[in-house]
file run-v6.tsv (TSV, N, CA and C atoms)
chain	number	residue	atom	x	y	z
V	83	MET	N	117.27	39.73	122.92
V	83	MET	CA	118.23	38.84	122.30
V	83	MET	C	118.93	39.55	121.15
V	84	ARG	N	120.19	39.22	120.92
V	84	ARG	CA	120.97	39.89	119.89
V	84	ARG	C	121.18	39.01	118.66
V	85	HIS	N	120.22	38.21	118.31
V	85	HIS	CA	120.38	37.35	117.15
V	85	HIS	C	120.59	38.18	115.90
V	86	LYS	N	121.60	37.81	115.12
V	86	LYS	CA	121.93	38.44	113.83
V	86	LYS	C	122.24	39.92	113.93
V	87	LYS	N	122.74	40.37	115.07
V	87	LYS	CA	123.20	41.75	115.23
V	87	LYS	C	124.71	41.75	115.06
V	88	GLN	N	125.19	42.46	114.07
V	88	GLN	CA	126.61	42.44	113.76
V	88	GLN	C	127.32	43.60	114.45
V	89	GLY	N	128.51	43.37	114.93
V	89	GLY	CA	129.34	44.43	115.49
V	89	GLY	C	129.16	44.61	116.98
V	90	ARG	N	130.14	45.27	117.57
V	90	ARG	CA	130.12	45.55	119.00
V	90	ARG	C	129.84	47.02	119.21
V	91	LYS	N	129.16	47.35	120.30
V	91	LYS	CA	128.85	48.75	120.57
V	91	LYS	C	130.01	49.48	121.25
V	92	LEU	N	130.82	48.77	122.01
V	92	LEU	CA	132.00	49.33	122.68
V	92	LEU	C	131.67	50.52	123.58
V	93	ASN	N	130.50	50.54	124.16
V	93	ASN	CA	130.03	51.59	125.07
V	93	ASN	C	130.09	52.98	124.44
V	94	ARG	N	129.78	53.07	123.15
V	94	ARG	CA	129.78	54.34	122.43
V	94	ARG	C	128.52	54.43	121.59
V	95	ASN	N	128.12	55.67	121.27
V	95	ASN	CA	126.99	55.81	120.36
V	95	ASN	C	127.49	55.67	118.92
V	96	ALA	N	126.58	55.67	117.97
V	96	ALA	CA	126.93	55.35	116.58
V	96	ALA	C	127.89	56.37	115.98
V	97	SER	N	127.68	57.65	116.24
V	97	SER	CA	128.55	58.66	115.64
V	97	SER	C	129.96	58.60	116.23
V	98	HIS	N	130.05	58.29	117.52
V	98	HIS	CA	131.37	58.16	118.15
V	98	HIS	C	132.12	56.96	117.59
V	99	ARG	N	131.43	55.83	117.42
V	99	ARG	CA	132.06	54.64	116.84
V	99	ARG	C	132.55	54.93	115.43
V	100	LYS	N	131.72	55.59	114.63
V	100	LYS	CA	132.08	55.89	113.25
V	100	LYS	C	133.33	56.77	113.20
V	101	ALA	N	133.38	57.81	114.03
V	101	ALA	CA	134.53	58.70	114.07
V	101	ALA	C	135.76	57.97	114.60
V	102	MET	N	135.59	57.14	115.62
V	102	MET	CA	136.72	56.41	116.20
V	102	MET	C	137.35	55.47	115.19
V	103	PHE	N	136.53	54.71	114.47
V	103	PHE	CA	137.08	53.77	113.49
V	103	PHE	C	137.71	54.50	112.31
V	104	ALA	N	137.15	55.64	111.92
V	104	ALA	CA	137.77	56.43	110.85
V	104	ALA	C	139.14	56.92	111.30
V	105	ASN	N	139.25	57.42	112.54
V	105	ASN	CA	140.53	57.89	113.06
V	105	ASN	C	141.54	56.75	113.19
V	106	MET	N	141.09	55.60	113.66
V	106	MET	CA	141.98	54.46	113.80
V	106	MET	C	142.46	53.98	112.43
V	107	ALA	N	141.58	53.99	111.44
V	107	ALA	CA	141.94	53.55	110.10
V	107	ALA	C	142.97	54.50	109.49
V	108	VAL	N	142.78	55.79	109.67
V	108	VAL	CA	143.74	56.77	109.15
V	108	VAL	C	145.10	56.59	109.81
V	109	SER	N	145.11	56.37	111.12
V	109	SER	CA	146.38	56.15	111.82
V	109	SER	C	147.07	54.88	111.33
V	110	LEU	N	146.29	53.84	111.09
V	110	LEU	CA	146.85	52.59	110.60
V	110	LEU	C	147.44	52.78	109.20
V	111	ILE	N	146.76	53.52	108.34
V	111	ILE	CA	147.25	53.76	106.99
V	111	ILE	C	148.52	54.60	107.04
V	112	GLU	N	148.56	55.60	107.90
V	112	GLU	CA	149.73	56.48	107.98
V	112	GLU	C	150.95	55.78	108.57
V	113	HIS	N	150.75	55.05	109.66
V	113	HIS	CA	151.88	54.50	110.41
V	113	HIS	C	152.18	53.03	110.11
V	114	GLY	N	151.22	52.31	109.52
V	114	GLY	CA	151.44	50.91	109.21
V	114	GLY	C	151.09	49.95	110.32
V	115	LYS	N	151.00	50.46	111.54
V	115	LYS	CA	150.62	49.62	112.68
V	115	LYS	C	150.09	50.51	113.79
V	116	ILE	N	149.19	49.97	114.59
V	116	ILE	CA	148.67	50.68	115.76
V	116	ILE	C	148.49	49.67	116.89
V	117	LYS	N	148.46	50.17	118.11
V	117	LYS	CA	148.24	49.34	119.28
V	117	LYS	C	146.91	49.75	119.89
V	118	THR	N	146.02	48.79	120.10
V	118	THR	CA	144.69	49.06	120.64
V	118	THR	C	144.18	47.81	121.35
V	119	THR	N	142.98	47.88	121.90
V	119	THR	CA	142.42	46.72	122.58
V	119	THR	C	142.01	45.68	121.54
V	120	LEU	N	141.90	44.46	121.95
V	120	LEU	CA	141.59	43.36	121.04
V	120	LEU	C	140.21	43.54	120.41
V	121	GLN	N	139.23	43.95	121.18
V	121	GLN	CA	137.88	44.10	120.64
V	121	GLN	C	137.80	45.21	119.59
V	122	LYS	N	138.48	46.33	119.86
V	122	LYS	CA	138.51	47.41	118.87
V	122	LYS	C	139.26	46.97	117.63
V	123	ALA	N	140.30	46.18	117.79
V	123	ALA	CA	141.07	45.70	116.64
V	123	ALA	C	140.21	44.81	115.75
V	124	LYS	N	139.42	43.95	116.34
V	124	LYS	CA	138.56	43.07	115.55
V	124	LYS	C	137.48	43.86	114.80
V	125	GLU	N	136.97	44.90	115.44
V	125	GLU	CA	135.98	45.75	114.77
V	125	GLU	C	136.64	46.61	113.69
V	126	LEU	N	137.85	47.07	113.93
V	126	LEU	CA	138.57	47.85	112.94
V	126	LEU	C	138.82	47.03	111.68
V	127	ARG	N	139.10	45.76	111.86
V	127	ARG	CA	139.30	44.88	110.71
V	127	ARG	C	138.04	44.85	109.83
V	128	MET	N	136.87	44.80	110.46
V	128	MET	CA	135.62	44.79	109.69
V	128	MET	C	135.36	46.14	109.02
V	129	PHE	N	135.97	47.21	109.53
V	129	PHE	CA	135.79	48.54	108.95
V	129	PHE	C	136.73	48.78	107.77
V	130	ILE	N	138.00	48.38	107.91
V	130	ILE	CA	139.01	48.80	106.92
V	130	ILE	C	139.21	47.81	105.79
V	131	GLU	N	138.98	46.53	106.00
V	131	GLU	CA	139.22	45.57	104.93
V	131	GLU	C	138.33	45.79	103.71
V	132	PRO	N	137.05	46.11	103.84
V	132	PRO	CA	136.27	46.43	102.64
V	132	PRO	C	136.77	47.68	101.92
V	133	LEU	N	137.34	48.64	102.66
V	133	LEU	CA	137.88	49.83	102.01
V	133	LEU	C	139.12	49.49	101.18
V	134	ILE	N	139.96	48.61	101.68
V	134	ILE	CA	141.15	48.20	100.93
V	134	ILE	C	140.72	47.42	99.68
V	135	THR	N	139.71	46.58	99.81
V	135	THR	CA	139.21	45.84	98.65
V	135	THR	C	138.67	46.80	97.59
V	136	LYS	N	137.93	47.82	98.02
V	136	LYS	CA	137.43	48.82	97.07
V	136	LYS	C	138.58	49.54	96.39
V	137	ALA	N	139.60	49.90	97.15
V	137	ALA	CA	140.74	50.61	96.58
V	137	ALA	C	141.48	49.73	95.57
V	138	ALA	N	141.48	48.43	95.79
V	138	ALA	CA	142.20	47.52	94.90
V	138	ALA	C	141.44	47.24	93.62
V	139	LYS	N	140.11	47.22	93.69
V	139	LYS	CA	139.34	46.73	92.55
V	139	LYS	C	138.39	47.75	91.93
V	140	GLY	N	138.17	48.87	92.61
V	140	GLY	CA	137.10	49.76	92.18
V	140	GLY	C	137.49	50.76	91.11
V	141	ASN	N	136.47	51.48	90.62
V	141	ASN	CA	136.64	52.60	89.71
V	141	ASN	C	137.32	53.75	90.47
V	142	PRO	N	138.40	54.35	89.95
V	142	PRO	CA	139.16	55.34	90.74
V	142	PRO	C	138.35	56.55	91.20
V	143	ASP	N	137.49	57.11	90.36
V	143	ASP	CA	136.76	58.31	90.75
V	143	ASP	C	135.71	58.00	91.81
V	144	ALA	N	134.91	57.00	91.56
V	144	ALA	CA	133.86	56.63	92.51
V	144	ALA	C	134.47	56.12	93.82
V	145	THR	N	135.55	55.38	93.71
V	145	THR	CA	136.21	54.85	94.90
V	145	THR	C	136.81	55.97	95.74
V	146	ASN	N	137.39	56.97	95.10
V	146	ASN	CA	137.91	58.12	95.85
V	146	ASN	C	136.82	58.79	96.66
V	147	ARG	N	135.67	58.99	96.06
V	147	ARG	CA	134.56	59.64	96.78
V	147	ARG	C	134.08	58.78	97.94
V	148	LEU	N	133.96	57.47	97.71
V	148	LEU	CA	133.51	56.56	98.76
V	148	LEU	C	134.50	56.52	99.92
V	149	LEU	N	135.79	56.41	99.60
V	149	LEU	CA	136.80	56.34	100.65
V	149	LEU	C	136.87	57.65	101.43
V	150	PHE	N	136.74	58.77	100.75
V	150	PHE	CA	136.78	60.05	101.46
V	150	PHE	C	135.57	60.20	102.36
V	151	SER	N	134.41	59.69	101.95
V	151	SER	CA	133.22	59.78	102.79
V	151	SER	C	133.38	58.95	104.06
V	152	LYS	N	134.16	57.89	103.99
V	152	LYS	CA	134.38	57.04	105.17
V	152	LYS	C	135.51	57.56	106.06
V	153	LEU	N	136.61	58.02	105.44
V	153	LEU	CA	137.82	58.35	106.21
V	153	LEU	C	137.97	59.84	106.53
V	154	ARG	N	137.51	60.72	105.64
V	154	ARG	CA	137.60	62.17	105.82
V	154	ARG	C	139.04	62.68	105.93
V	155	GLU	N	139.95	62.06	105.21
V	155	GLU	CA	141.36	62.46	105.25
V	155	GLU	C	141.95	62.23	103.85
V	156	LYS	N	142.31	63.32	103.17
V	156	LYS	CA	142.76	63.22	101.78
V	156	LYS	C	144.04	62.41	101.63
V	157	GLU	N	144.99	62.62	102.52
V	157	GLU	CA	146.27	61.91	102.41
V	157	GLU	C	146.09	60.41	102.62
V	158	ALA	N	145.22	60.03	103.53
V	158	ALA	CA	144.98	58.61	103.78
V	158	ALA	C	144.32	57.96	102.56
V	159	VAL	N	143.37	58.67	101.95
V	159	VAL	CA	142.71	58.15	100.75
V	159	VAL	C	143.72	58.00	99.61
V	160	LYS	N	144.59	58.99	99.48
V	160	LYS	CA	145.61	58.95	98.43
V	160	LYS	C	146.55	57.76	98.64
V	161	THR	N	146.99	57.54	99.88
V	161	THR	CA	147.85	56.40	100.19
V	161	THR	C	147.14	55.08	99.93
V	162	LEU	N	145.87	55.03	100.31
V	162	LEU	CA	145.08	53.82	100.11
V	162	LEU	C	144.95	53.50	98.63
V	163	MET	N	144.73	54.52	97.80
V	163	MET	CA	144.52	54.30	96.37
V	163	MET	C	145.83	54.03	95.62
V	164	THR	N	146.92	54.69	96.00
V	164	THR	CA	148.16	54.58	95.23
V	164	THR	C	149.11	53.51	95.75
V	165	VAL	N	149.10	53.25	97.06
V	165	VAL	CA	150.07	52.30	97.63
V	165	VAL	C	149.40	50.98	98.01
V	166	LEU	N	148.41	51.05	98.89
V	166	LEU	CA	147.84	49.81	99.44
V	166	LEU	C	146.94	49.08	98.45
V	167	GLY	N	146.16	49.81	97.66
V	167	GLY	CA	145.27	49.17	96.70
V	167	GLY	C	146.03	48.31	95.70
V	168	PRO	N	147.00	48.89	94.98
V	168	PRO	CA	147.77	48.07	94.04
V	168	PRO	C	148.57	46.95	94.70
V	169	LYS	N	149.04	47.18	95.94
V	169	LYS	CA	149.83	46.17	96.63
V	169	LYS	C	149.00	44.91	96.91
V	170	TYR	N	147.72	45.10	97.27
V	170	TYR	CA	146.86	43.97	97.64
V	170	TYR	C	145.87	43.60	96.55
V	171	LYS	N	146.15	43.97	95.31
V	171	LYS	CA	145.21	43.72	94.21
V	171	LYS	C	144.95	42.23	94.01
V	172	GLU	N	145.98	41.41	94.13
V	172	GLU	CA	145.85	39.98	93.88
V	172	GLU	C	145.46	39.19	95.13
V	173	ARG	N	145.49	39.82	96.29
V	173	ARG	CA	145.19	39.11	97.54
V	173	ARG	C	143.68	39.08	97.77
V	174	PRO	N	143.11	37.92	98.06
V	174	PRO	CA	141.65	37.82	98.24
V	174	PRO	C	141.19	38.09	99.67
V	175	GLY	N	141.58	39.20	100.25
V	175	GLY	CA	141.16	39.54	101.61
V	175	GLY	C	142.21	39.19	102.64
V	176	GLY	N	141.92	39.47	103.90
V	176	GLY	CA	142.85	39.17	104.97
V	176	GLY	C	144.06	40.07	104.95
V	177	TYR	N	143.85	41.39	104.89
V	177	TYR	CA	144.94	42.34	104.75
V	177	TYR	C	145.58	42.72	106.08
V	178	LEU	N	144.91	42.45	107.19
V	178	LEU	CA	145.42	42.86	108.50
V	178	LEU	C	145.84	41.66	109.33
V	179	SER	N	146.81	41.90	110.18
V	179	SER	CA	147.27	40.90	111.14
V	179	SER	C	147.04	41.48	112.54
V	180	ILE	N	146.40	40.72	113.42
V	180	ILE	CA	146.15	41.16	114.79
V	180	ILE	C	146.94	40.25	115.73
V	181	LEU	N	147.90	40.85	116.43
V	181	LEU	CA	148.75	40.10	117.35
V	181	LEU	C	148.47	40.54	118.78
V	182	LYS	N	148.22	39.60	119.66
V	182	LYS	CA	148.00	39.93	121.06
V	182	LYS	C	149.33	40.30	121.70
V	183	CYS	N	149.32	41.36	122.52
V	183	CYS	CA	150.59	41.82	123.09
V	183	CYS	C	150.46	42.19	124.57
V	184	GLY	N	149.76	41.40	125.33
V	184	GLY	CA	149.73	41.62	126.77
V	184	GLY	C	148.51	42.38	127.23
V	185	TYR	N	148.59	42.82	128.48
V	185	TYR	CA	147.47	43.49	129.12
V	185	TYR	C	147.83	44.93	129.46
V	186	ARG	N	146.86	45.82	129.39
V	186	ARG	CA	147.07	47.22	129.72
V	186	ARG	C	147.17	47.36	131.24
V	187	ALA	N	148.05	48.24	131.70
V	187	ALA	CA	148.32	48.36	133.12
V	187	ALA	C	147.13	48.93	133.89
V	188	GLY	N	146.41	49.86	133.34
V	188	GLY	CA	145.36	50.54	134.09
V	188	GLY	C	144.15	49.68	134.39
V	189	ASP	N	143.62	49.01	133.37
V	189	ASP	CA	142.37	48.27	133.56
V	189	ASP	C	142.47	46.80	133.15
V	190	ASN	N	143.68	46.34	132.84
V	190	ASN	CA	143.92	44.94	132.52
V	190	ASN	C	143.20	44.50	131.24
V	191	ALA	N	142.99	45.43	130.32
V	191	ALA	CA	142.37	45.09	129.04
V	191	ALA	C	143.40	44.42	128.14
V	192	LEU	N	142.96	43.42	127.39
V	192	LEU	CA	143.85	42.70	126.48
V	192	LEU	C	144.18	43.60	125.29
V	193	MET	N	145.47	43.88	125.10
V	193	MET	CA	145.92	44.77	124.04
V	193	MET	C	146.40	43.95	122.85
V	194	SER	N	146.36	44.60	121.68
V	194	SER	CA	146.80	43.92	120.47
V	194	SER	C	147.48	44.91	119.53
V	195	LEU	N	148.32	44.39	118.67
V	195	LEU	CA	149.00	45.16	117.66
V	195	LEU	C	148.35	44.84	116.32
V	196	VAL	N	147.86	45.87	115.64
V	196	VAL	CA	147.22	45.71	114.34
V	196	VAL	C	148.19	46.23	113.30
V	197	ARG	N	148.48	45.41	112.29
V	197	ARG	CA	149.39	45.84	111.23
V	197	ARG	C	148.97	45.16	109.93
V	198	PHE	N	149.50	45.67	108.83
V	198	PHE	CA	149.23	45.05	107.55
V	198	PHE	C	150.03	43.76	107.44
V	199	VAL	N	149.54	42.82	106.66
V	199	VAL	CA	150.09	41.47	106.65
V	199	VAL	C	151.55	41.45	106.26
V	200	ASP	N	151.96	42.24	105.28
V	200	ASP	CA	153.34	42.19	104.82
V	200	ASP	C	154.29	43.02	105.66
V	201	ASN	N	153.78	43.80	106.63
V	201	ASN	CA	154.60	44.64	107.48
V	201	ASN	C	155.24	43.77	108.57
V	202	LYS	N	156.56	43.79	108.64
V	202	LYS	CA	157.28	42.95	109.60
V	202	LYS	C	157.83	43.74	110.79
V	203	ASP	N	157.42	44.99	110.98
V	203	ASP	CA	157.93	45.82	112.10
V	203	ASP	C	157.43	45.35	113.42
call {"tool": "encode", "arguments": {"input": "run-v6.tsv", "output": "C-alpha cells"}}
result
Amino acid sequence: MRHKKQGRKLNRNASHRKAMFANMAVSLIEHGKIKTTLQKAKELRMFIEPLITKAAKGNPDATNRLLFSKLREKEAVKTLMTVLGPKYKERPGGYLSILKCGYRAGDNALMSLVRFVDNKD
C-alpha cells in the first residue's frame, strides 16, 4: 500500500527524477514556459515552487547555495534570485499555471503547458 507516500515515480529511479526535474526547472526559468506531460507538470510544481519561495524570502547567501545545489545552473539561480524572487515576494504561493493542451501523437499522453502565473504567452 502507498499510504502517505508523496510524489510519483514516473518509471524512473531517484537520481534520474532529480536530474529531470532540475533540467525542467532550469528550462522553465530560462524560457518562461515549457510543454510536458500533465503528470510531470504536477510534479515539477512541487519541485520548483518551494525554490521560488526561498528565493523570495530567504537569506541571499544561504539561498544561493541551496538553489545551486538543487538546480546546478548559475544563470538560472541568478535569474531566480534577481527576477523571479522579488517579483513574487508578496504572493503567497501558486506561482505556476498548468494548462492542458491536448494529447501527444505518439502515445496519446495528456500534454500540458507550464508557465508562470503572470506570463500571458
call {"tool": "select_by_dssp", "arguments": {"input": "run-v6.tsv", "residues": "stretch 142-182 of chain V", "states": "strand (DSSP E or B)", "output": "PyMOL selection string"}}
result
chain V and resi 178-182
call {"tool": "residues_around", "arguments": {"input": "run-v6.tsv", "residues": "stretch 103-112 of chain V", "least_positions_apart": "3", "cutoff": "8 Å", "atoms": "only N, CA and C atoms", "output": "list in words"}}
result
Ser97, His98, Arg99, Lys100, Lys115, Ile116, Glu125, Leu126, Phe129, Ile130, Lys152, Leu153, Arg154, Glu155, Glu157, Ala158, Val159, Thr161, Leu162, Val196, Arg197 and Phe198 of chain V
call {"tool": "write_last_selection", "arguments": {"input": "run-v6.tsv", "atoms": "N, CA and C atoms", "output": "mmCIF file, in the frame of the given file"}}
result
data_model
loop_
_atom_site.group_PDB
_atom_site.id
_atom_site.type_symbol
_atom_site.label_atom_id
_atom_site.label_comp_id
_atom_site.auth_asym_id
_atom_site.auth_seq_id
_atom_site.Cartn_x
_atom_site.Cartn_y
_atom_site.Cartn_z
ATOM 1 N N SER V 97 127.680 57.650 116.240
ATOM 2 C CA SER V 97 128.550 58.660 115.640
ATOM 3 C C SER V 97 129.960 58.600 116.230
ATOM 4 N N HIS V 98 130.050 58.290 117.520
ATOM 5 C CA HIS V 98 131.370 58.160 118.150
ATOM 6 C C HIS V 98 132.120 56.960 117.590
ATOM 7 N N ARG V 99 131.430 55.830 117.420
ATOM 8 C CA ARG V 99 132.060 54.640 116.840
ATOM 9 C C ARG V 99 132.550 54.930 115.430
ATOM 10 N N LYS V 100 131.720 55.590 114.630
ATOM 11 C CA LYS V 100 132.080 55.890 113.250
ATOM 12 C C LYS V 100 133.330 56.770 113.200
ATOM 13 N N LYS V 115 151.000 50.460 111.540
ATOM 14 C CA LYS V 115 150.620 49.620 112.680
ATOM 15 C C LYS V 115 150.090 50.510 113.790
ATOM 16 N N ILE V 116 149.190 49.970 114.590
ATOM 17 C CA ILE V 116 148.670 50.680 115.760
ATOM 18 C C ILE V 116 148.490 49.670 116.890
ATOM 19 N N GLU V 125 136.970 44.900 115.440
ATOM 20 C CA GLU V 125 135.980 45.750 114.770
ATOM 21 C C GLU V 125 136.640 46.610 113.690
ATOM 22 N N LEU V 126 137.850 47.070 113.930
ATOM 23 C CA LEU V 126 138.570 47.850 112.940
ATOM 24 C C LEU V 126 138.820 47.030 111.680
ATOM 25 N N PHE V 129 135.970 47.210 109.530
ATOM 26 C CA PHE V 129 135.790 48.540 108.950
ATOM 27 C C PHE V 129 136.730 48.780 107.770
ATOM 28 N N ILE V 130 138.000 48.380 107.910
ATOM 29 C CA ILE V 130 139.010 48.800 106.920
ATOM 30 C C ILE V 130 139.210 47.810 105.790
ATOM 31 N N LYS V 152 134.160 57.890 103.990
ATOM 32 C CA LYS V 152 134.380 57.040 105.170
ATOM 33 C C LYS V 152 135.510 57.560 106.060
ATOM 34 N N LEU V 153 136.610 58.020 105.440
ATOM 35 C CA LEU V 153 137.820 58.350 106.210
ATOM 36 C C LEU V 153 137.970 59.840 106.530
ATOM 37 N N ARG V 154 137.510 60.720 105.640
ATOM 38 C CA ARG V 154 137.600 62.170 105.820
ATOM 39 C C ARG V 154 139.040 62.680 105.930
ATOM 40 N N GLU V 155 139.950 62.060 105.210
ATOM 41 C CA GLU V 155 141.360 62.460 105.250
ATOM 42 C C GLU V 155 141.950 62.230 103.850
ATOM 43 N N GLU V 157 144.990 62.620 102.520
ATOM 44 C CA GLU V 157 146.270 61.910 102.410
ATOM 45 C C GLU V 157 146.090 60.410 102.620
ATOM 46 N N ALA V 158 145.220 60.030 103.530
ATOM 47 C CA ALA V 158 144.980 58.610 103.780
ATOM 48 C C ALA V 158 144.320 57.960 102.560
ATOM 49 N N VAL V 159 143.370 58.670 101.950
ATOM 50 C CA VAL V 159 142.710 58.150 100.750
ATOM 51 C C VAL V 159 143.720 58.000 99.610
ATOM 52 N N THR V 161 146.990 57.540 99.880
ATOM 53 C CA THR V 161 147.850 56.400 100.190
ATOM 54 C C THR V 161 147.140 55.080 99.930
ATOM 55 N N LEU V 162 145.870 55.030 100.310
ATOM 56 C CA LEU V 162 145.080 53.820 100.110
ATOM 57 C C LEU V 162 144.950 53.500 98.630
ATOM 58 N N VAL V 196 147.860 45.870 115.640
ATOM 59 C CA VAL V 196 147.220 45.710 114.340
ATOM 60 C C VAL V 196 148.190 46.230 113.300
ATOM 61 N N ARG V 197 148.480 45.410 112.290
ATOM 62 C CA ARG V 197 149.390 45.840 111.230
ATOM 63 C C ARG V 197 148.970 45.160 109.930
ATOM 64 N N PHE V 198 149.500 45.670 108.830
ATOM 65 C CA PHE V 198 149.230 45.050 107.550
ATOM 66 C C PHE V 198 150.030 43.760 107.440
#
call {"tool": "residues_around", "arguments": {"input": "run-v6.tsv", "residues": "V:Thr119", "least_positions_apart": "2", "cutoff": "12 Å", "atoms": "only C-alpha atoms", "output": "PyMOL selection string"}}
result
chain V and resi 92+106+116-117+121-126+180-186+189-196
call {"tool": "atom_distance", "arguments": {"input": "run-v6.tsv", "atom1": "atom CA of V:Gly175", "atom2": "atom C of V:Pro132"}}
result
9.3 Å
call {"tool": "atom_distance", "arguments": {"input": "run-v6.tsv", "atom1": "atom CA of V:Val199", "atom2": "atom CA of V:Gly114"}}
result
9.9 Å
call {"tool": "atom_distance", "arguments": {"input": "run-v6.tsv", "atom1": "atom CA of V:Asn201", "atom2": "atom C of V:Asn141"}}
result
25.9 Å
call {"tool": "select_by_dssp", "arguments": {"input": "run-v6.tsv", "residues": "stretch 93-151 of chain V", "states": "alpha helix (DSSP H)", "output": "ChimeraX atom specification"}}
result
/V:96-113,120-139,142-151
call {"tool": "residues_around", "arguments": {"input": "run-v6.tsv", "residues": "V:Tyr170", "least_positions_apart": "4", "cutoff": "8 Å", "atoms": "all atoms listed in the file", "output": "PyMOL selection string"}}
result
chain V and resi 134-135+137-139+165-166+174-175+177
call {"tool": "closest_residue", "arguments": {"input": "run-v6.tsv", "among": "V:Ala187, V:Met128, V:Leu149, V:Leu133", "to": "V:Gly167", "atoms": "all atoms listed in the file"}}
result
V:Leu133
call {"tool": "decode", "arguments": {"input": "run-v6.tsv", "residues": "stretch 88-101 of chain V", "atoms": "N, CA, C and O atoms", "output": "JSON list (two decimals), in the first residue's frame"}}
result
[["chain", "number", "residue", "atom", "x", "y", "z"],
["V", 88, "GLN", "N", 4.49, 10.40, -0.89],
["V", 88, "GLN", "CA", 4.31, 11.60, -1.69],
["V", 88, "GLN", "C", 5.08, 11.49, -2.99],
["V", 88, "GLN", "O", 6.20, 10.98, -3.02],
["V", 89, "GLY", "N", 4.52, 11.98, -4.07],
["V", 89, "GLY", "CA", 5.21, 12.05, -5.34],
["V", 89, "GLY", "C", 4.98, 10.83, -6.22],
["V", 89, "GLY", "O", 4.61, 9.76, -5.75],
["V", 90, "ARG", "N", 5.26, 11.03, -7.49],
["V", 90, "ARG", "CA", 5.13, 9.95, -8.47],
["V", 90, "ARG", "C", 6.51, 9.48, -8.89],
["V", 90, "ARG", "O", 7.43, 10.28, -8.99],
["V", 91, "LYS", "N", 6.63, 8.21, -9.20],
["V", 91, "LYS", "CA", 7.93, 7.67, -9.61],
["V", 91, "LYS", "C", 8.21, 7.91, -11.09],
["V", 91, "LYS", "O", 9.36, 8.00, -11.49],
["V", 92, "LEU", "N", 7.19, 7.98, -11.91],
["V", 92, "LEU", "CA", 7.31, 8.26, -13.35],
["V", 92, "LEU", "C", 8.24, 7.28, -14.06],
["V", 92, "LEU", "O", 8.91, 7.63, -15.02],
["V", 93, "ASN", "N", 8.30, 6.05, -13.61],
["V", 93, "ASN", "CA", 9.12, 4.99, -14.20],
["V", 93, "ASN", "C", 10.59, 5.36, -14.29],
["V", 93, "ASN", "O", 11.27, 5.03, -15.25],
["V", 94, "ARG", "N", 11.10, 6.08, -13.28],
["V", 94, "ARG", "CA", 12.50, 6.48, -13.25],
["V", 94, "ARG", "C", 13.05, 6.22, -11.86],
["V", 94, "ARG", "O", 12.30, 6.19, -10.88],
["V", 95, "ASN", "N", 14.38, 6.06, -11.77],
["V", 95, "ASN", "CA", 14.97, 5.93, -10.44],
["V", 95, "ASN", "C", 15.16, 7.33, -9.85],
["V", 95, "ASN", "O", 14.94, 8.34, -10.50],
["V", 96, "ALA", "N", 15.59, 7.39, -8.60],
["V", 96, "ALA", "CA", 15.62, 8.66, -7.87],
["V", 96, "ALA", "C", 16.58, 9.67, -8.50],
["V", 96, "ALA", "O", 16.26, 10.85, -8.62],
["V", 97, "SER", "N", 17.75, 9.22, -8.92],
["V", 97, "SER", "CA", 18.72, 10.16, -9.49],
["V", 97, "SER", "C", 18.24, 10.71, -10.83],
["V", 97, "SER", "O", 18.44, 11.88, -11.15],
["V", 98, "HIS", "N", 17.57, 9.87, -11.61],
["V", 98, "HIS", "CA", 17.03, 10.33, -12.90],
["V", 98, "HIS", "C", 15.92, 11.35, -12.69],
["V", 98, "HIS", "O", 15.85, 12.37, -13.38],
["V", 99, "ARG", "N", 15.03, 11.10, -11.73],
["V", 99, "ARG", "CA", 13.96, 12.06, -11.42],
["V", 99, "ARG", "C", 14.54, 13.39, -10.97],
["V", 99, "ARG", "O", 14.10, 14.45, -11.42],
["V", 100, "LYS", "N", 15.54, 13.34, -10.09],
["V", 100, "LYS", "CA", 16.15, 14.56, -9.57],
["V", 100, "LYS", "C", 16.77, 15.37, -10.71],
["V", 100, "LYS", "O", 16.57, 16.59, -10.80],
["V", 101, "ALA", "N", 17.50, 14.71, -11.60],
["V", 101, "ALA", "CA", 18.13, 15.39, -12.73],
["V", 101, "ALA", "C", 17.07, 15.92, -13.70],
["V", 101, "ALA", "O", 17.19, 17.04, -14.22]]
